[in-house]
$ cat structure.tsv   # TSV, C-alpha atoms
chain	number	residue	atom	x	y	z
A	1	MET	CA	-24.19	-86.31	46.09
A	2	GLY	CA	-22.63	-82.90	45.68
A	3	VAL	CA	-21.17	-81.66	42.43
A	4	VAL	CA	-17.64	-81.55	43.87
A	5	MET	CA	-17.92	-85.10	45.22
A	6	ALA	CA	-19.23	-86.44	41.90
A	7	ALA	CA	-16.39	-84.70	40.03
A	8	ALA	CA	-13.85	-86.16	42.48
A	9	ILE	CA	-15.25	-89.67	42.00
A	10	ARG	CA	-15.12	-89.31	38.23
A	11	PHE	CA	-11.50	-88.11	38.40
A	12	LEU	CA	-10.53	-91.08	40.61
A	13	VAL	CA	-12.21	-93.56	38.25
A	14	LEU	CA	-10.37	-92.02	35.29
A	15	LEU	CA	-7.07	-92.05	37.20
A	16	TYR	CA	-7.64	-95.72	38.04
A	17	CYS	CA	-8.29	-96.56	34.37
A	18	VAL	CA	-5.13	-94.78	33.28
A	19	THR	CA	-3.04	-96.49	35.96
A	20	VAL	CA	-4.44	-99.97	35.34
A	21	GLY	CA	-4.11	-99.52	31.58
A	22	SER	CA	-0.47	-98.49	31.92
A	23	ILE	CA	0.36	-101.41	34.19
A	24	ASP	CA	-1.46	-103.84	31.89
A	25	ALA	CA	0.43	-102.59	28.84
A	26	LEU	CA	3.78	-102.96	30.60
A	27	ALA	CA	2.86	-106.42	31.87
A	28	GLN	CA	2.08	-107.57	28.35
A	29	GLY	CA	5.38	-106.39	26.95
A	30	SER	CA	4.29	-103.15	25.31
A	31	ASN	CA	7.11	-100.65	25.59
A	32	THR	CA	6.90	-96.95	26.31
A	33	GLU	CA	8.10	-95.92	22.86
A	34	ASP	CA	5.34	-97.91	21.11
A	35	GLY	CA	2.71	-96.46	23.45
A	36	ALA	CA	3.92	-92.93	22.77
A	37	ALA	CA	4.01	-93.57	19.02
A	38	VAL	CA	0.46	-94.98	19.05
A	39	ARG	CA	-0.86	-92.02	21.03
A	40	SER	CA	0.90	-89.64	18.65
A	41	VAL	CA	-0.73	-91.23	15.58
A	42	ILE	CA	-4.20	-91.00	17.14
A	43	GLU	CA	-3.64	-87.40	18.28
A	44	ARG	CA	-2.41	-86.35	14.85
A	45	GLN	CA	-5.44	-87.95	13.21
A	46	LEU	CA	-7.82	-86.25	15.67
A	47	ASP	CA	-6.07	-82.95	14.94
A	48	ALA	CA	-6.44	-83.55	11.19
A	49	PHE	CA	-10.19	-84.20	11.66
A	50	ARG	CA	-10.47	-80.97	13.65
A	51	ARG	CA	-8.86	-79.07	10.74
A	52	ASP	CA	-10.93	-80.96	8.14
A	53	ASP	CA	-7.65	-82.16	6.60
A	54	GLY	CA	-8.90	-85.37	5.06
A	55	VAL	CA	-5.63	-86.14	3.29
A	56	ALA	CA	-3.69	-86.05	6.57
A	57	ALA	CA	-6.39	-87.99	8.49
A	58	PHE	CA	-6.55	-90.69	5.79
A	59	GLY	CA	-2.75	-90.92	5.88
A	60	TYR	CA	-2.88	-92.37	9.42
A	61	ALA	CA	-5.20	-95.17	8.30
A	62	ALA	CA	-3.72	-98.62	7.65
A	63	PRO	CA	-3.94	-100.23	4.20
A	64	ASN	CA	-7.05	-102.24	5.19
A	65	ILE	CA	-8.95	-99.00	5.89
A	66	LYS	CA	-7.63	-97.27	2.79
A	67	SER	CA	-8.69	-100.15	0.55
A	68	ARG	CA	-12.10	-100.37	2.23
A	69	PHE	CA	-12.97	-96.70	1.66
A	70	GLY	CA	-10.88	-96.04	-1.44
A	71	THR	CA	-10.84	-92.26	-1.35
A	72	VAL	CA	-10.29	-89.49	1.15
A	73	ASP	CA	-13.82	-88.20	0.50
A	74	ASN	CA	-15.41	-91.59	1.24
A	75	PHE	CA	-13.34	-91.95	4.41
A	76	MET	CA	-14.19	-88.46	5.66
A	77	ALA	CA	-17.91	-88.93	4.92
A	78	MET	CA	-17.87	-92.15	6.97
A	79	VAL	CA	-16.13	-90.44	9.90
A	80	ARG	CA	-18.46	-87.41	9.82
A	81	GLN	CA	-21.58	-89.60	9.74
A	82	GLY	CA	-20.58	-92.52	11.94
A	83	TYR	CA	-18.00	-91.12	14.34
A	84	PRO	CA	-18.97	-87.59	15.44
A	85	PRO	CA	-17.15	-87.93	18.80
A	86	VAL	CA	-13.92	-88.74	16.93
A	87	TYR	CA	-14.54	-86.17	14.21
A	88	ARG	CA	-15.24	-83.32	16.66
A	89	PRO	CA	-14.18	-84.27	20.18
A	90	ARG	CA	-14.66	-81.63	22.87
A	91	SER	CA	-11.93	-83.33	24.87
A	92	TYR	CA	-10.19	-86.67	25.15
A	93	VAL	CA	-7.88	-88.61	27.47
A	94	PHE	CA	-5.82	-91.66	26.60
A	95	THR	CA	-6.54	-94.53	28.96
A	96	GLU	CA	-5.83	-98.23	28.56
A	97	LEU	CA	-3.18	-99.62	26.20
A	98	LYS	CA	-3.11	-103.37	25.51
A	99	VAL	CA	-1.27	-105.76	23.27
A	100	SER	CA	-3.74	-107.61	21.03
A	101	GLY	CA	-1.79	-110.08	18.88
A	102	PRO	CA	0.29	-108.13	16.37
A	103	GLU	CA	-1.70	-104.98	17.15
A	104	LEU	CA	-1.85	-102.52	20.01
A	105	GLU	CA	-5.26	-101.51	21.33
A	106	GLN	CA	-5.51	-97.96	22.68
A	107	ARG	CA	-8.63	-96.78	24.49
A	108	VAL	CA	-9.46	-93.10	24.48
A	109	SER	CA	-12.08	-91.51	26.72
A	110	ILE	CA	-13.83	-88.86	24.60
A	111	VAL	CA	-16.39	-86.16	25.30
A	112	GLY	CA	-18.23	-85.77	22.00
A	113	PRO	CA	-19.69	-82.68	20.38
A	114	ASP	CA	-23.07	-83.45	21.98
A	115	ASP	CA	-21.37	-83.57	25.41
A	116	ASP	CA	-21.88	-87.35	25.69
A	117	ASP	CA	-19.11	-89.60	27.02
A	118	TRP	CA	-17.58	-92.25	24.77
A	119	ILE	CA	-14.75	-94.74	24.72
A	120	ALA	CA	-12.98	-94.98	21.35
A	121	ILE	CA	-11.20	-98.32	21.03
A	122	TYR	CA	-8.45	-97.98	18.44
A	123	THR	CA	-6.34	-100.81	17.08
A	124	LEU	CA	-3.06	-100.00	15.40
A	125	GLU	CA	-0.55	-102.18	13.62
A	126	ARG	CA	3.11	-101.56	12.91
A	127	GLN	CA	3.69	-101.23	9.18
A	128	PRO	CA	6.72	-102.60	7.28
A	129	ASP	CA	8.31	-99.13	7.44
A	130	GLY	CA	8.12	-99.24	11.26
A	131	ASN	CA	5.31	-96.68	11.63
A	132	TRP	CA	2.03	-97.41	13.41
A	133	GLN	CA	-1.24	-96.99	11.50
A	134	ILE	CA	-4.86	-97.24	12.59
A	135	THR	CA	-6.55	-100.50	11.58
A	136	SER	CA	-9.88	-99.84	13.31
A	137	CYS	CA	-11.81	-97.63	15.68
A	138	ARG	CA	-14.89	-98.69	17.60
A	139	LEU	CA	-17.04	-96.34	19.69
A	140	VAL	CA	-18.76	-97.46	22.88
A	141	ARG	CA	-20.82	-95.24	25.19
A	142	SER	CA	-18.96	-94.69	28.43
A	143	GLU	CA	-20.43	-96.26	31.55
A	144	VAL	CA	-18.72	-93.74	33.84
A	145	PRO	CA	-21.29	-91.08	34.82
A	146	ARG	CA	-20.20	-87.48	34.43
A	147	VAL	CA	-21.41	-84.43	36.33

$ encode --input "structure.tsv" --output "structure tokens"
Amino acid sequence: MGVVMAAAIRFLVLLYCVTVGSIDALAQGSNTEDGAAVRSVIERQLDAFRRDDGVAAFGYAAPNIKSRFGTVDNFMAMVRQGYPPVYRPRSYVFTELKVSGPELEQRVSIVGPDDDDWIAIYTLERQPDGNWQITSCRLVRSEVPRV
């Protein structure tokens, strides 16, 4: 298979994931504003990681994460060691958004610093002040081959 054909197939698979994820989110009652707010929180945290701004990155974590790690330094050490694709993504694309009980689940296709493909599965929960915060992030190797 040629390089161009493989790239085209990968693009179509990604486009399919984005489309199906969007339709699924709408079907489950997730509104556009919540989806945009969730994506914004994740993007701002990724940007904070990129700048090594631990205080800002920790600020997007929900109370369960903050109590688990206690300090900005502990949180950042965990991200650096356990989540290199999130800590230093080469690129990322938001894909599927789902309602999962009181939380929203946002999937993000990430190319990590080692050029490997990952899916980051974020869960976010609306806080009493109305803002969304990240309650978890799980990394799974992507099954979509890349050229």

$ atom_distance --input "structure.tsv" --atom1 "CA of Ile119 (chain A)" --atom2 "CA of Ser142 (chain A)"
5.6 Å

$ atom_distance --input "structure.tsv" --atom1 "CA of Asp34 (chain A)" --atom2 "CA of Ile121 (chain A)"
16.5 Å

$ residues_around --input "structure.tsv" --residues "Val41 (chain A)" --least-positions-apart "4" --cutoff "7 Å" --atoms "only C-alpha atoms" --output "mmCIF file with C-alpha atoms, in the coordinates of the input"
data_model
loop_
_atom_site.group_PDB
_atom_site.id
_atom_site.type_symbol
_atom_site.label_atom_id
_atom_site.label_comp_id
_atom_site.auth_asym_id
_atom_site.auth_seq_id
_atom_site.Cartn_x
_atom_site.Cartn_y
_atom_site.Cartn_z
ATOM 1 C CA ALA A 37 4.010 -93.570 19.020
ATOM 2 C CA GLN A 45 -5.440 -87.950 13.210
ATOM 3 C CA TYR A 60 -2.880 -92.370 9.420
#

$ closest_residue --input "structure.tsv" --among "A:Gly112, A:Gly54, A:Gly35, A:Gly130" --to "Met78 (chain A)" --atoms "all atoms listed in the file"
A:Gly54

$ atom_distance --input "structure.tsv" --atom1 "CA of Gln127 (chain A)" --atom2 "CA of Ile110 (chain A)"
26.4 Å

$ closest_residue --input "structure.tsv" --among "A:Phe94, A:Glu103, A:Trp118, A:Leu139" --to "Ala62 (chain A)" --atoms "all atoms listed in the file"
A:Glu103

$ axis_aligned_box --input "structure.tsv" --around "region 60-65 of chain A" --padding-each-side "3 Å" --output "AutoDock Vina command-line options"
--center_x -5.9 --center_y -97.3 --center_z 6.8 --size_x 12.1 --size_y 15.9 --size_z 11.2

$ closest_residue --input "structure.tsv" --among "A:Pro89, A:Gly59, A:Gly101, A:Gly82" --to "Trp132 (chain A)" --atoms "all atoms listed in the file"
A:Gly59

$ residues_around --input "structure.tsv" --residues "Leu46 (chain A)" --least-positions-apart "5" --cutoff "9 Å" --atoms "all atoms listed in the file" --output "ChimeraX atom specification"
/A:41,51,57,86-89

$ build_atoms --input "structure.tsv" --residues "region 76-103 of chain A" --atoms "N, CA and C atoms" --output "CSV table (one decimal), keeping the file's coordinate frame"
chain,number,residue,atom,x,y,z
A,76,MET,N,-13.7,-89.6,4.9
A,76,MET,CA,-14.2,-88.5,5.7
A,76,MET,C,-15.7,-88.5,5.8
A,77,ALA,N,-16.4,-88.9,4.8
A,77,ALA,CA,-17.9,-88.9,4.9
A,77,ALA,C,-18.3,-90.0,6.0
A,78,MET,N,-17.6,-91.1,6.0
A,78,MET,CA,-17.9,-92.2,7.0
A,78,MET,C,-17.6,-91.6,8.4
A,79,VAL,N,-16.5,-90.9,8.6
A,79,VAL,CA,-16.1,-90.4,9.9
A,79,VAL,C,-17.1,-89.4,10.3
A,80,ARG,N,-17.5,-88.5,9.5
A,80,ARG,CA,-18.5,-87.4,9.8
A,80,ARG,C,-19.8,-88.0,10.2
A,81,GLN,N,-20.3,-89.0,9.5
A,81,GLN,CA,-21.6,-89.6,9.7
A,81,GLN,C,-21.6,-90.6,10.9
A,82,GLY,N,-20.6,-91.4,11.0
A,82,GLY,CA,-20.6,-92.5,11.9
A,82,GLY,C,-19.8,-92.3,13.2
A,83,TYR,N,-18.9,-91.3,13.2
A,83,TYR,CA,-18.0,-91.1,14.3
A,83,TYR,C,-17.9,-89.7,14.8
A,84,PRO,N,-19.0,-89.0,15.0
A,84,PRO,CA,-19.0,-87.6,15.4
A,84,PRO,C,-18.1,-87.3,16.7
A,85,PRO,N,-18.0,-88.2,17.7
A,85,PRO,CA,-17.2,-87.9,18.8
A,85,PRO,C,-15.7,-87.9,18.4
A,86,VAL,N,-15.3,-88.7,17.4
A,86,VAL,CA,-13.9,-88.7,16.9
A,86,VAL,C,-13.7,-87.6,16.0
A,87,TYR,N,-14.7,-87.3,15.2
A,87,TYR,CA,-14.5,-86.2,14.2
A,87,TYR,C,-14.4,-84.8,14.9
A,88,ARG,N,-15.2,-84.6,16.0
A,88,ARG,CA,-15.2,-83.3,16.7
A,88,ARG,C,-15.3,-83.5,18.2
A,89,PRO,N,-14.2,-84.1,18.7
A,89,PRO,CA,-14.2,-84.3,20.2
A,89,PRO,C,-14.1,-82.9,20.9
A,90,ARG,N,-14.8,-82.8,22.0
A,90,ARG,CA,-14.7,-81.6,22.9
A,90,ARG,C,-13.4,-81.8,23.7
A,91,SER,N,-13.1,-83.0,24.1
A,91,SER,CA,-11.9,-83.3,24.9
A,91,SER,C,-11.7,-84.8,24.8
A,92,TYR,N,-10.5,-85.2,25.1
A,92,TYR,CA,-10.2,-86.7,25.2
A,92,TYR,C,-9.0,-86.9,26.1
A,93,VAL,N,-9.0,-88.2,26.6
A,93,VAL,CA,-7.9,-88.6,27.5
A,93,VAL,C,-7.5,-90.0,27.1
A,94,PHE,N,-6.3,-90.3,26.9
A,94,PHE,CA,-5.8,-91.7,26.6
A,94,PHE,C,-5.9,-92.5,27.9
A,95,THR,N,-6.4,-93.7,27.8
A,95,THR,CA,-6.5,-94.5,29.0
A,95,THR,C,-5.8,-95.8,28.7
A,96,GLU,N,-6.4,-96.9,28.6
A,96,GLU,CA,-5.8,-98.2,28.6
A,96,GLU,C,-5.1,-98.6,27.3
A,97,LEU,N,-3.9,-99.1,27.4
A,97,LEU,CA,-3.2,-99.6,26.2
A,97,LEU,C,-2.9,-101.1,26.4
A,98,LYS,N,-3.3,-101.9,25.4
A,98,LYS,CA,-3.1,-103.4,25.5
A,98,LYS,C,-2.5,-103.9,24.2
A,99,VAL,N,-1.8,-105.0,24.4
A,99,VAL,CA,-1.3,-105.8,23.3
A,99,VAL,C,-2.4,-106.7,22.9
A,100,SER,N,-2.7,-106.7,21.6
A,100,SER,CA,-3.7,-107.6,21.0
A,100,SER,C,-3.2,-108.3,19.8
A,101,GLY,N,-2.5,-109.4,20.0
A,101,GLY,CA,-1.8,-110.1,18.9
A,101,GLY,C,-0.7,-109.2,18.3
A,102,PRO,N,-0.7,-109.0,17.0
A,102,PRO,CA,0.3,-108.1,16.4
A,102,PRO,C,-0.1,-106.6,16.5
A,103,GLU,N,-1.2,-106.4,17.1
A,103,GLU,CA,-1.7,-105.0,17.2
A,103,GLU,C,-1.6,-104.5,18.6
